[in-house]
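Engineer: Handing over coords.cif, mmCIF, N, CA and C atoms.
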```cif
data_my_file
loop_
_atom_site.label_atom_id
_atom_site.label_comp_id
_atom_site.auth_asym_id
_atom_site.auth_seq_id
_atom_site.Cartn_x
_atom_site.Cartn_y
_atom_site.Cartn_z
N MET A 26 41.07 -17.31 -49.40
CA MET A 26 40.19 -18.46 -49.49
C MET A 26 40.75 -19.41 -50.54
N SER A 27 40.81 -20.67 -50.19
CA SER A 27 41.38 -21.65 -51.11
C SER A 27 40.32 -22.15 -52.09
N ILE A 28 40.79 -22.68 -53.21
CA ILE A 28 39.89 -23.20 -54.23
C ILE A 28 39.16 -24.43 -53.73
N GLU A 29 39.85 -25.27 -52.94
CA GLU A 29 39.22 -26.48 -52.42
C GLU A 29 38.04 -26.13 -51.53
N TYR A 30 38.19 -25.08 -50.71
CA TYR A 30 37.11 -24.69 -49.82
C TYR A 30 35.92 -24.17 -50.61
N THR A 31 36.19 -23.39 -51.65
CA THR A 31 35.12 -22.87 -52.48
C THR A 31 34.39 -24.00 -53.19
N SER A 32 35.12 -24.99 -53.67
CA SER A 32 34.45 -26.10 -54.34
C SER A 32 33.66 -26.94 -53.35
N ALA A 33 34.11 -27.03 -52.10
CA ALA A 33 33.35 -27.75 -51.09
C ALA A 33 32.04 -27.03 -50.77
N VAL A 34 32.10 -25.72 -50.70
CA VAL A 34 30.88 -24.93 -50.47
C VAL A 34 29.94 -25.09 -51.65
N ARG A 35 30.48 -25.04 -52.85
CA ARG A 35 29.65 -25.19 -54.05
C ARG A 35 29.03 -26.59 -54.11
N ALA A 36 29.81 -27.61 -53.72
CA ALA A 36 29.28 -28.98 -53.71
C ALA A 36 28.15 -29.12 -52.69
N ALA A 37 28.30 -28.50 -51.54
CA ALA A 37 27.24 -28.53 -50.53
C ALA A 37 26.00 -27.80 -51.04
N GLU A 38 26.23 -26.69 -51.71
CA GLU A 38 25.13 -25.91 -52.26
C GLU A 38 24.37 -26.70 -53.32
N VAL A 39 25.09 -27.40 -54.18
CA VAL A 39 24.46 -28.21 -55.23
C VAL A 39 23.71 -29.38 -54.61
N ALA A 40 24.32 -30.04 -53.62
CA ALA A 40 23.66 -31.17 -52.97
C ALA A 40 22.37 -30.74 -52.26
N LEU A 41 22.40 -29.60 -51.59
CA LEU A 41 21.19 -29.10 -50.92
C LEU A 41 20.15 -28.66 -51.94
N SER A 42 20.58 -28.13 -53.07
CA SER A 42 19.63 -27.75 -54.13
C SER A 42 18.91 -28.98 -54.67
N ILE A 43 19.68 -30.03 -54.91
CA ILE A 43 19.07 -31.27 -55.41
C ILE A 43 18.13 -31.86 -54.35
N ALA A 44 18.54 -31.82 -53.08
CA ALA A 44 17.68 -32.33 -52.01
C ALA A 44 16.38 -31.53 -51.91
N THR A 45 16.47 -30.23 -52.09
CA THR A 45 15.26 -29.39 -52.05
C THR A 45 14.32 -29.73 -53.19
N LEU A 46 14.86 -29.86 -54.39
CA LEU A 46 14.01 -30.18 -55.53
C LEU A 46 13.43 -31.59 -55.42
N LEU A 47 14.19 -32.53 -54.89
CA LEU A 47 13.66 -33.88 -54.65
C LEU A 47 12.56 -33.85 -53.59
N GLY A 48 12.72 -33.00 -52.59
CA GLY A 48 11.67 -32.85 -51.57
C GLY A 48 10.37 -32.35 -52.16
N VAL A 49 10.45 -31.42 -53.08
CA VAL A 49 9.25 -30.92 -53.75
C VAL A 49 8.59 -32.02 -54.56
N VAL A 50 9.41 -32.79 -55.30
CA VAL A 50 8.87 -33.89 -56.11
C VAL A 50 8.20 -34.93 -55.23
N VAL A 51 8.83 -35.28 -54.12
CA VAL A 51 8.27 -36.29 -53.21
C VAL A 51 6.96 -35.79 -52.60
N LEU A 52 6.92 -34.53 -52.17
CA LEU A 52 5.69 -34.01 -51.57
C LEU A 52 4.54 -33.97 -52.57
N PHE A 53 4.83 -33.65 -53.82
CA PHE A 53 3.77 -33.63 -54.81
C PHE A 53 3.37 -35.03 -55.26
N ALA A 54 4.26 -36.01 -55.06
CA ALA A 54 3.96 -37.38 -55.46
C ALA A 54 3.06 -38.10 -54.46
N ILE A 55 3.08 -37.65 -53.21
CA ILE A 55 2.27 -38.30 -52.17
C ILE A 55 0.87 -37.70 -52.21
N PRO A 56 -0.16 -38.54 -52.32
CA PRO A 56 -1.53 -38.02 -52.30
C PRO A 56 -1.83 -37.33 -50.96
N PRO A 57 -2.65 -36.27 -50.96
CA PRO A 57 -2.93 -35.53 -49.73
C PRO A 57 -3.52 -36.39 -48.61
N VAL A 58 -4.32 -37.39 -48.96
CA VAL A 58 -4.91 -38.25 -47.93
C VAL A 58 -3.82 -39.04 -47.22
N GLN A 59 -2.88 -39.57 -47.96
CA GLN A 59 -1.78 -40.30 -47.34
C GLN A 59 -0.82 -39.37 -46.61
N LEU A 60 -0.64 -38.18 -47.13
CA LEU A 60 0.25 -37.22 -46.49
C LEU A 60 -0.29 -36.80 -45.13
N SER A 61 -1.60 -36.60 -45.03
CA SER A 61 -2.18 -36.20 -43.75
C SER A 61 -2.23 -37.36 -42.75
N ALA A 62 -2.11 -38.59 -43.23
CA ALA A 62 -2.13 -39.75 -42.34
C ALA A 62 -0.76 -40.06 -41.75
N ILE A 63 0.29 -39.42 -42.22
CA ILE A 63 1.65 -39.66 -41.71
C ILE A 63 1.78 -38.99 -40.35
N THR A 64 2.21 -39.76 -39.35
CA THR A 64 2.38 -39.20 -38.01
C THR A 64 3.74 -38.51 -37.91
N ALA A 65 3.82 -37.56 -36.99
CA ALA A 65 5.02 -36.74 -36.86
C ALA A 65 6.22 -37.55 -36.40
N GLY A 66 6.06 -38.56 -35.58
CA GLY A 66 7.18 -39.32 -35.05
C GLY A 66 7.64 -40.47 -35.92
N SER A 67 6.92 -40.76 -36.97
CA SER A 67 7.31 -41.87 -37.85
C SER A 67 8.53 -41.46 -38.68
N PRO A 68 9.25 -42.44 -39.21
CA PRO A 68 10.41 -42.08 -40.06
C PRO A 68 10.03 -41.22 -41.26
N ALA A 69 8.88 -41.49 -41.86
CA ALA A 69 8.44 -40.67 -42.99
C ALA A 69 8.11 -39.25 -42.53
N GLY A 70 7.50 -39.13 -41.36
CA GLY A 70 7.18 -37.81 -40.81
C GLY A 70 8.43 -37.01 -40.49
N ILE A 71 9.43 -37.68 -39.94
CA ILE A 71 10.69 -37.01 -39.62
C ILE A 71 11.40 -36.58 -40.91
N ALA A 72 11.39 -37.44 -41.92
CA ALA A 72 12.03 -37.10 -43.19
C ALA A 72 11.33 -35.92 -43.87
N ILE A 73 10.01 -35.90 -43.81
CA ILE A 73 9.27 -34.79 -44.40
C ILE A 73 9.53 -33.50 -43.63
N ALA A 74 9.55 -33.60 -42.30
CA ALA A 74 9.82 -32.41 -41.48
C ALA A 74 11.22 -31.85 -41.76
N LEU A 75 12.21 -32.73 -41.87
CA LEU A 75 13.56 -32.26 -42.20
C LEU A 75 13.59 -31.64 -43.59
N GLY A 76 12.88 -32.27 -44.53
CA GLY A 76 12.86 -31.74 -45.89
C GLY A 76 12.17 -30.39 -45.99
N ILE A 77 11.20 -30.16 -45.13
CA ILE A 77 10.46 -28.90 -45.19
C ILE A 77 11.12 -27.81 -44.35
N TRP A 78 11.67 -28.18 -43.20
CA TRP A 78 12.22 -27.17 -42.29
C TRP A 78 13.72 -26.99 -42.42
N ALA A 79 14.49 -28.08 -42.42
CA ALA A 79 15.94 -27.97 -42.34
C ALA A 79 16.62 -27.71 -43.68
N VAL A 80 16.20 -28.40 -44.73
CA VAL A 80 16.90 -28.30 -46.01
C VAL A 80 16.79 -26.88 -46.60
N PRO A 81 15.61 -26.24 -46.62
CA PRO A 81 15.58 -24.86 -47.14
C PRO A 81 16.42 -23.89 -46.31
N THR A 82 16.44 -24.11 -44.99
CA THR A 82 17.24 -23.24 -44.14
C THR A 82 18.72 -23.41 -44.43
N LEU A 83 19.17 -24.66 -44.53
CA LEU A 83 20.58 -24.91 -44.83
C LEU A 83 20.96 -24.42 -46.22
N LEU A 84 20.10 -24.65 -47.19
CA LEU A 84 20.39 -24.19 -48.55
C LEU A 84 20.53 -22.68 -48.61
N SER A 85 19.61 -21.96 -48.00
CA SER A 85 19.70 -20.50 -48.05
C SER A 85 20.91 -19.99 -47.28
N THR A 86 21.28 -20.64 -46.18
CA THR A 86 22.46 -20.23 -45.42
C THR A 86 23.74 -20.45 -46.23
N VAL A 87 23.87 -21.63 -46.83
CA VAL A 87 25.06 -21.92 -47.64
C VAL A 87 25.10 -21.03 -48.88
N ALA A 88 23.96 -20.80 -49.50
CA ALA A 88 23.91 -19.93 -50.69
C ALA A 88 24.31 -18.50 -50.33
N LEU A 89 23.84 -18.01 -49.19
CA LEU A 89 24.21 -16.66 -48.77
C LEU A 89 25.70 -16.57 -48.44
N TYR A 90 26.23 -17.63 -47.85
CA TYR A 90 27.67 -17.64 -47.59
C TYR A 90 28.44 -17.61 -48.91
N HIS A 91 28.00 -18.39 -49.87
CA HIS A 91 28.69 -18.42 -51.17
C HIS A 91 28.55 -17.08 -51.88
N VAL A 92 27.41 -16.43 -51.74
CA VAL A 92 27.21 -15.12 -52.38
C VAL A 92 28.17 -14.09 -51.78
N THR A 93 28.34 -14.13 -50.45
CA THR A 93 29.20 -13.13 -49.82
C THR A 93 30.68 -13.37 -50.06
N THR A 94 31.08 -14.63 -50.29
CA THR A 94 32.50 -14.93 -50.48
C THR A 94 32.88 -15.16 -51.93
N GLY A 95 31.91 -15.38 -52.80
CA GLY A 95 32.19 -15.71 -54.19
C GLY A 95 32.21 -14.50 -55.08
N PRO A 96 32.38 -14.75 -56.38
CA PRO A 96 32.39 -13.65 -57.35
C PRO A 96 31.00 -13.04 -57.53
N ARG A 97 30.97 -11.79 -57.93
CA ARG A 97 29.71 -11.08 -58.13
C ARG A 97 29.25 -11.27 -59.58
N ARG A 98 28.11 -11.95 -59.72
CA ARG A 98 27.47 -12.15 -61.01
C ARG A 98 25.98 -11.92 -60.82
N LEU A 99 25.25 -11.91 -61.91
CA LEU A 99 23.80 -11.74 -61.83
C LEU A 99 23.17 -12.85 -60.99
N ALA A 100 23.63 -14.08 -61.18
CA ALA A 100 23.09 -15.20 -60.42
C ALA A 100 23.37 -15.04 -58.92
N SER A 101 24.49 -14.40 -58.58
CA SER A 101 24.81 -14.18 -57.17
C SER A 101 23.78 -13.25 -56.52
N TYR A 102 23.42 -12.20 -57.22
CA TYR A 102 22.43 -11.28 -56.68
C TYR A 102 21.06 -11.94 -56.56
N LEU A 103 20.69 -12.72 -57.57
CA LEU A 103 19.42 -13.43 -57.52
C LEU A 103 19.41 -14.45 -56.39
N ALA A 104 20.51 -15.18 -56.23
CA ALA A 104 20.61 -16.15 -55.14
C ALA A 104 20.59 -15.45 -53.79
N GLY A 105 21.19 -14.29 -53.70
CA GLY A 105 21.17 -13.53 -52.45
C GLY A 105 19.77 -13.10 -52.07
N VAL A 106 19.03 -12.59 -53.03
CA VAL A 106 17.65 -12.15 -52.75
C VAL A 106 16.78 -13.34 -52.35
N LEU A 107 16.88 -14.44 -53.08
CA LEU A 107 16.08 -15.63 -52.75
C LEU A 107 16.52 -16.24 -51.42
N GLY A 108 17.81 -16.20 -51.12
CA GLY A 108 18.30 -16.72 -49.85
C GLY A 108 17.79 -15.91 -48.67
N VAL A 109 17.84 -14.59 -48.78
CA VAL A 109 17.32 -13.73 -47.71
C VAL A 109 15.82 -13.92 -47.55
N PHE A 110 15.10 -14.01 -48.67
CA PHE A 110 13.65 -14.20 -48.60
C PHE A 110 13.30 -15.54 -47.95
N THR A 111 14.03 -16.61 -48.33
CA THR A 111 13.76 -17.93 -47.76
C THR A 111 14.05 -17.93 -46.27
N LEU A 112 15.17 -17.36 -45.86
CA LEU A 112 15.46 -17.30 -44.42
C LEU A 112 14.43 -16.47 -43.68
N GLY A 113 13.97 -15.39 -44.28
CA GLY A 113 12.92 -14.58 -43.65
C GLY A 113 11.63 -15.36 -43.46
N VAL A 114 11.25 -16.13 -44.47
CA VAL A 114 10.03 -16.94 -44.35
C VAL A 114 10.21 -18.01 -43.28
N VAL A 115 11.38 -18.62 -43.21
CA VAL A 115 11.64 -19.64 -42.18
C VAL A 115 11.55 -19.02 -40.79
N VAL A 116 12.13 -17.84 -40.62
CA VAL A 116 12.08 -17.17 -39.31
C VAL A 116 10.64 -16.83 -38.94
N LEU A 117 9.86 -16.36 -39.90
CA LEU A 117 8.44 -16.07 -39.62
C LEU A 117 7.68 -17.35 -39.27
N ASN A 118 8.00 -18.46 -39.93
CA ASN A 118 7.35 -19.73 -39.63
C ASN A 118 7.68 -20.21 -38.23
N VAL A 119 8.94 -20.12 -37.85
CA VAL A 119 9.34 -20.53 -36.51
C VAL A 119 8.67 -19.63 -35.47
N SER A 120 8.62 -18.35 -35.75
CA SER A 120 7.94 -17.42 -34.85
C SER A 120 6.46 -17.76 -34.71
N ALA A 121 5.82 -18.08 -35.81
CA ALA A 121 4.39 -18.42 -35.77
C ALA A 121 4.15 -19.69 -34.98
N VAL A 122 5.02 -20.68 -35.14
CA VAL A 122 4.85 -21.95 -34.42
C VAL A 122 5.08 -21.75 -32.93
N LEU A 123 6.09 -20.96 -32.58
CA LEU A 123 6.42 -20.80 -31.17
C LEU A 123 5.44 -19.89 -30.42
N THR A 124 4.80 -18.97 -31.11
CA THR A 124 3.92 -18.03 -30.42
C THR A 124 2.45 -18.40 -30.49
N THR A 125 2.09 -19.42 -31.24
CA THR A 125 0.69 -19.81 -31.38
C THR A 125 0.30 -20.76 -30.25
N ASP A 126 -0.82 -20.49 -29.62
CA ASP A 126 -1.32 -21.38 -28.57
C ASP A 126 -1.76 -22.69 -29.19
N GLY A 127 -1.28 -23.78 -28.62
CA GLY A 127 -1.68 -25.10 -29.09
C GLY A 127 -1.08 -25.49 -30.42
N ALA A 128 0.03 -24.86 -30.81
CA ALA A 128 0.62 -25.16 -32.12
C ALA A 128 1.13 -26.58 -32.20
N PHE A 129 1.65 -27.09 -31.11
CA PHE A 129 2.21 -28.44 -31.14
C PHE A 129 1.17 -29.51 -30.84
N THR A 130 0.01 -29.09 -30.34
CA THR A 130 -1.03 -30.07 -29.99
C THR A 130 -2.29 -29.86 -30.80
N TYR A 131 -2.17 -29.19 -31.93
CA TYR A 131 -3.32 -28.88 -32.76
C TYR A 131 -3.93 -30.16 -33.31
N GLY A 132 -5.23 -30.35 -33.07
CA GLY A 132 -5.89 -31.56 -33.52
C GLY A 132 -6.96 -31.31 -34.55
N GLY A 133 -7.10 -30.10 -35.03
CA GLY A 133 -8.15 -29.77 -35.98
C GLY A 133 -7.74 -30.08 -37.41
N THR A 134 -8.60 -29.65 -38.32
CA THR A 134 -8.31 -29.87 -39.73
C THR A 134 -7.52 -28.68 -40.27
N GLY A 135 -6.93 -28.87 -41.42
CA GLY A 135 -6.16 -27.81 -42.05
C GLY A 135 -4.68 -28.05 -41.91
N ALA A 136 -3.91 -27.14 -42.44
CA ALA A 136 -2.45 -27.29 -42.41
C ALA A 136 -1.79 -25.93 -42.33
N PHE A 137 -0.62 -25.92 -41.76
CA PHE A 137 0.22 -24.73 -41.71
C PHE A 137 1.09 -24.74 -42.96
N VAL A 138 0.83 -23.83 -43.88
CA VAL A 138 1.50 -23.87 -45.18
C VAL A 138 2.75 -23.01 -45.25
N GLY A 139 3.14 -22.39 -44.16
CA GLY A 139 4.35 -21.56 -44.16
C GLY A 139 5.59 -22.30 -44.60
N PRO A 140 5.85 -23.50 -44.06
CA PRO A 140 7.04 -24.24 -44.51
C PRO A 140 6.99 -24.63 -45.98
N VAL A 141 5.80 -24.82 -46.51
CA VAL A 141 5.69 -25.15 -47.93
C VAL A 141 6.07 -23.93 -48.78
N ILE A 142 5.74 -22.74 -48.30
CA ILE A 142 6.15 -21.52 -48.99
C ILE A 142 7.67 -21.39 -48.96
N ALA A 143 8.27 -21.70 -47.80
CA ALA A 143 9.74 -21.67 -47.70
C ALA A 143 10.36 -22.71 -48.62
N LEU A 144 9.74 -23.88 -48.71
CA LEU A 144 10.24 -24.92 -49.60
C LEU A 144 10.15 -24.47 -51.06
N PHE A 145 9.08 -23.77 -51.41
CA PHE A 145 8.92 -23.26 -52.78
C PHE A 145 10.00 -22.22 -53.10
N THR A 146 10.24 -21.28 -52.20
CA THR A 146 11.27 -20.27 -52.47
C THR A 146 12.66 -20.91 -52.48
N ALA A 147 12.86 -21.92 -51.63
CA ALA A 147 14.15 -22.63 -51.64
C ALA A 147 14.31 -23.43 -52.94
N SER A 148 13.22 -23.93 -53.49
CA SER A 148 13.34 -24.65 -54.76
C SER A 148 13.70 -23.68 -55.89
N LEU A 149 13.18 -22.47 -55.84
CA LEU A 149 13.60 -21.45 -56.81
C LEU A 149 15.08 -21.13 -56.65
N LEU A 150 15.52 -21.03 -55.40
CA LEU A 150 16.93 -20.82 -55.13
C LEU A 150 17.77 -21.99 -55.63
N GLY A 151 17.26 -23.20 -55.46
CA GLY A 151 17.95 -24.39 -55.94
C GLY A 151 18.11 -24.39 -57.45
N VAL A 152 17.07 -23.96 -58.14
CA VAL A 152 17.15 -23.88 -59.61
C VAL A 152 18.20 -22.85 -60.02
N VAL A 153 18.23 -21.72 -59.34
CA VAL A 153 19.23 -20.68 -59.65
C VAL A 153 20.64 -21.23 -59.41
N VAL A 154 20.83 -21.94 -58.30
CA VAL A 154 22.15 -22.49 -57.99
C VAL A 154 22.57 -23.52 -59.03
N LEU A 155 21.65 -24.41 -59.40
CA LEU A 155 22.00 -25.44 -60.38
C LEU A 155 22.26 -24.86 -61.76
N VAL A 156 21.47 -23.89 -62.18
CA VAL A 156 21.71 -23.25 -63.49
C VAL A 156 23.03 -22.48 -63.46
N ASP A 157 23.29 -21.77 -62.38
CA ASP A 157 24.55 -21.02 -62.27
C ASP A 157 25.75 -21.97 -62.28
N THR A 158 25.63 -23.09 -61.60
CA THR A 158 26.71 -24.08 -61.59
C THR A 158 26.92 -24.66 -62.99
N GLY A 159 25.85 -24.97 -63.68
CA GLY A 159 25.96 -25.49 -65.04
C GLY A 159 26.58 -24.49 -65.99
N VAL A 160 26.15 -23.24 -65.91
CA VAL A 160 26.71 -22.20 -66.78
C VAL A 160 28.18 -21.98 -66.46
N HIS A 161 28.52 -21.98 -65.18
CA HIS A 161 29.91 -21.77 -64.79
C HIS A 161 30.79 -22.91 -65.30
N ARG A 162 30.32 -24.15 -65.18
CA ARG A 162 31.10 -25.30 -65.66
C ARG A 162 31.26 -25.26 -67.18
N LEU A 163 30.19 -24.88 -67.88
CA LEU A 163 30.29 -24.77 -69.34
C LEU A 163 31.25 -23.68 -69.74
N THR A 164 31.25 -22.59 -69.01
CA THR A 164 32.17 -21.49 -69.30
C THR A 164 33.62 -21.92 -69.08
N VAL A 165 33.85 -22.64 -67.99
CA VAL A 165 35.20 -23.13 -67.70
C VAL A 165 35.65 -24.12 -68.77
N LEU A 166 34.75 -25.03 -69.16
CA LEU A 166 35.11 -26.02 -70.18
C LEU A 166 35.37 -25.38 -71.53
N SER A 167 34.59 -24.37 -71.88
CA SER A 167 34.78 -23.74 -73.19
C SER A 167 36.03 -22.86 -73.24
N SER A 168 36.50 -22.40 -72.08
CA SER A 168 37.69 -21.56 -72.07
C SER A 168 38.98 -22.38 -72.11
N GLU A 169 38.88 -23.70 -71.91
CA GLU A 169 40.08 -24.54 -71.93
C GLU A 169 40.48 -24.96 -73.32
#
```
Will you turn the file into structure tokens for me?

Structural biologist:
Amino acid sequence: MSIEYTSAVRAAEVALSIATLLGVVVLFAIPPVQLSAITAGSPAGIAIALGIWAVPTLLSTVALYHVTTGPRRLASYLAGVLGVFTLGVVVLNVSAVLTTDGAFTYGGTGAFVGPVIALFTASLLGVVVLVDTGVHRLTVLSSE
């Protein structure tokens, strides 16, 4: 494995971590009344759906790839556990959506909070990735 490829994977991991944490900030910044008024087909609805469904899935996949190909450290094991847990929650969410009657046409009150749980675990994974990257860079700089 080349160094350039490893740094590209790490850059993707850091970018997805930042995107996950920004998604959490944006979701908490929008008042619940306005959040429930956003339609699924609008640009804001699509951006929120991608932030809740796609970004945690991509982050956990890239983090697990980096864990399996990178060096073994404490942060690697923590990232591996959080990555597996996040992917498991995403799979359970997809299963729940696909097997529930009327899941796509639900018109009642309430919300499906499974993706928010996945976003929360992905944000923990993002913090681990960013802290590990910072510590690794500081270690490299101090050794020079």

Engineer: Neighbours of range 97-105 of chain A within 8 Å (all atoms listed in the file; same-chain residues fewer than 2 positions away dropped), as a list in words?

Structural biologist: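 Those residues are Ser85, Ala88, Leu89, Tyr90, His91, Val92, Thr93, Thr94, Gly95, Leu107, Gly108, Val109, Phe110, Thr111, Leu149, Leu150, Gly151, Val153, Val154, Val156 and Asp157 of chain A.
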
Engineer: Give me, please, the distance in Å between atom C of Glu38 in chain A and atom C of Ile71 in chain A, quoted to one decimal.

Structural biologist: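 According to the coordinates, atom C of Glu38 in chain A and atom C of Ile71 in chain A are separated by 20.5 Å.
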
Engineer: Using all atoms listed in the file, which of A:Ala44, A:Leu123, A:Leu60, A:Val50 sits nearest Gly76 in chain A?

Structural biologist: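 The closest residue to Gly76 in chain A is A:Ala44.
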
Engineer: Please report the interatomic distance between atom C of Arg162 in chain A and atom N of Leu84 in chain A in Å with one decimal.

Structural biologist: 22.9 Å

Engineer: Using only N, CA and C atoms, can you tell me which of A:Ala62, A:Val122, A:Val80, A:Ala54 comes closest to Leu144 in chain A?

Structural biologist: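 Closest residue, counting only N, CA and C atoms: A:Val80.
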
Engineer: Just the number, please: distance in Å from CA of Trp78 in chain A to CA of Thr158 in chain A, one decimal.

Structural biologist: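 Atom-to-atom, CA of Trp78 in chain A to CA of Thr158 in chain A, that is 24.3 Å.
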
Engineer: Considering only C-alpha atoms, can you say which of A:Pro81, A:Gly113, A:Pro140, A:Gly159 comes closest to Leu41 in chain A?

Structural biologist: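 For Leu41 in chain A, the nearest of the candidates is A:Pro81.
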
Engineer: Find, counting only C-alpha atoms, the residue in A:Val116, A:Thr86, A:Val51, A:Val34 that gets nearest to Ala69 in chain A.

Structural biologist: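 Checking each candidate against Ala69 in chain A, we get A:Val51 as the closest.
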
Engineer: Just range 142-153 of chain A from the block, N, CA, C and O atoms, as a PDB file, in the first residue's frame, could you?

Structural biologist:
```pdb
ATOM      1  N   ILE A 142     -29.957   8.248  15.528  1.00  0.00           N
ATOM      2  CA  ILE A 142     -29.070   7.439  16.369  1.00  0.00           C
ATOM      3  C   ILE A 142     -27.803   7.090  15.593  1.00  0.00           C
ATOM      4  O   ILE A 142     -26.691   7.167  16.126  1.00  0.00           O
ATOM      5  N   ALA A 143     -27.956   6.736  14.309  1.00  0.00           N
ATOM      6  CA  ALA A 143     -26.790   6.444  13.470  1.00  0.00           C
ATOM      7  C   ALA A 143     -25.928   7.693  13.307  1.00  0.00           C
ATOM      8  O   ALA A 143     -24.698   7.611  13.308  1.00  0.00           O
ATOM      9  N   LEU A 144     -26.565   8.842  13.161  1.00  0.00           N
ATOM     10  CA  LEU A 144     -25.819  10.090  13.043  1.00  0.00           C
ATOM     11  C   LEU A 144     -25.048  10.388  14.333  1.00  0.00           C
ATOM     12  O   LEU A 144     -23.912  10.854  14.301  1.00  0.00           O
ATOM     13  N   PHE A 145     -25.653  10.093  15.477  1.00  0.00           N
ATOM     14  CA  PHE A 145     -24.984  10.301  16.761  1.00  0.00           C
ATOM     15  C   PHE A 145     -23.766   9.387  16.894  1.00  0.00           C
ATOM     16  O   PHE A 145     -22.681   9.841  17.281  1.00  0.00           O
ATOM     17  N   THR A 146     -23.915   8.108  16.571  1.00  0.00           N
ATOM     18  CA  THR A 146     -22.767   7.202  16.677  1.00  0.00           C
ATOM     19  C   THR A 146     -21.695   7.564  15.648  1.00  0.00           C
ATOM     20  O   THR A 146     -20.508   7.449  15.928  1.00  0.00           O
ATOM     21  N   ALA A 147     -22.120   8.027  14.470  1.00  0.00           N
ATOM     22  CA  ALA A 147     -21.146   8.466  13.466  1.00  0.00           C
ATOM     23  C   ALA A 147     -20.429   9.731  13.925  1.00  0.00           C
ATOM     24  O   ALA A 147     -19.245   9.922  13.611  1.00  0.00           O
ATOM     25  N   SER A 148     -21.118  10.590  14.660  1.00  0.00           N
ATOM     26  CA  SER A 148     -20.437  11.788  15.166  1.00  0.00           C
ATOM     27  C   SER A 148     -19.403  11.407  16.228  1.00  0.00           C
ATOM     28  O   SER A 148     -18.335  12.027  16.288  1.00  0.00           O
ATOM     29  N   LEU A 149     -19.690  10.402  17.031  1.00  0.00           N
ATOM     30  CA  LEU A 149     -18.673   9.898  17.969  1.00  0.00           C
ATOM     31  C   LEU A 149     -17.482   9.327  17.205  1.00  0.00           C
ATOM     32  O   LEU A 149     -16.325   9.573  17.570  1.00  0.00           O
ATOM     33  N   LEU A 150     -17.767   8.603  16.140  1.00  0.00           N
ATOM     34  CA  LEU A 150     -16.703   8.078  15.287  1.00  0.00           C
ATOM     35  C   LEU A 150     -15.905   9.217  14.659  1.00  0.00           C
ATOM     36  O   LEU A 150     -14.675   9.163  14.587  1.00  0.00           O
ATOM     37  N   GLY A 151     -16.598  10.265  14.244  1.00  0.00           N
ATOM     38  CA  GLY A 151     -15.929  11.426  13.666  1.00  0.00           C
ATOM     39  C   GLY A 151     -14.997  12.105  14.651  1.00  0.00           C
ATOM     40  O   GLY A 151     -13.891  12.523  14.289  1.00  0.00           O
ATOM     41  N   VAL A 152     -15.432  12.207  15.894  1.00  0.00           N
ATOM     42  CA  VAL A 152     -14.569  12.797  16.931  1.00  0.00           C
ATOM     43  C   VAL A 152     -13.330  11.931  17.136  1.00  0.00           C
ATOM     44  O   VAL A 152     -12.208  12.450  17.240  1.00  0.00           O
ATOM     45  N   VAL A 153     -13.506  10.621  17.163  1.00  0.00           N
ATOM     46  CA  VAL A 153     -12.359   9.715  17.328  1.00  0.00           C
ATOM     47  C   VAL A 153     -11.390   9.876  16.157  1.00  0.00           C
ATOM     48  O   VAL A 153     -10.177   9.956  16.351  1.00  0.00           O
TER      49      VAL A 153
END
```
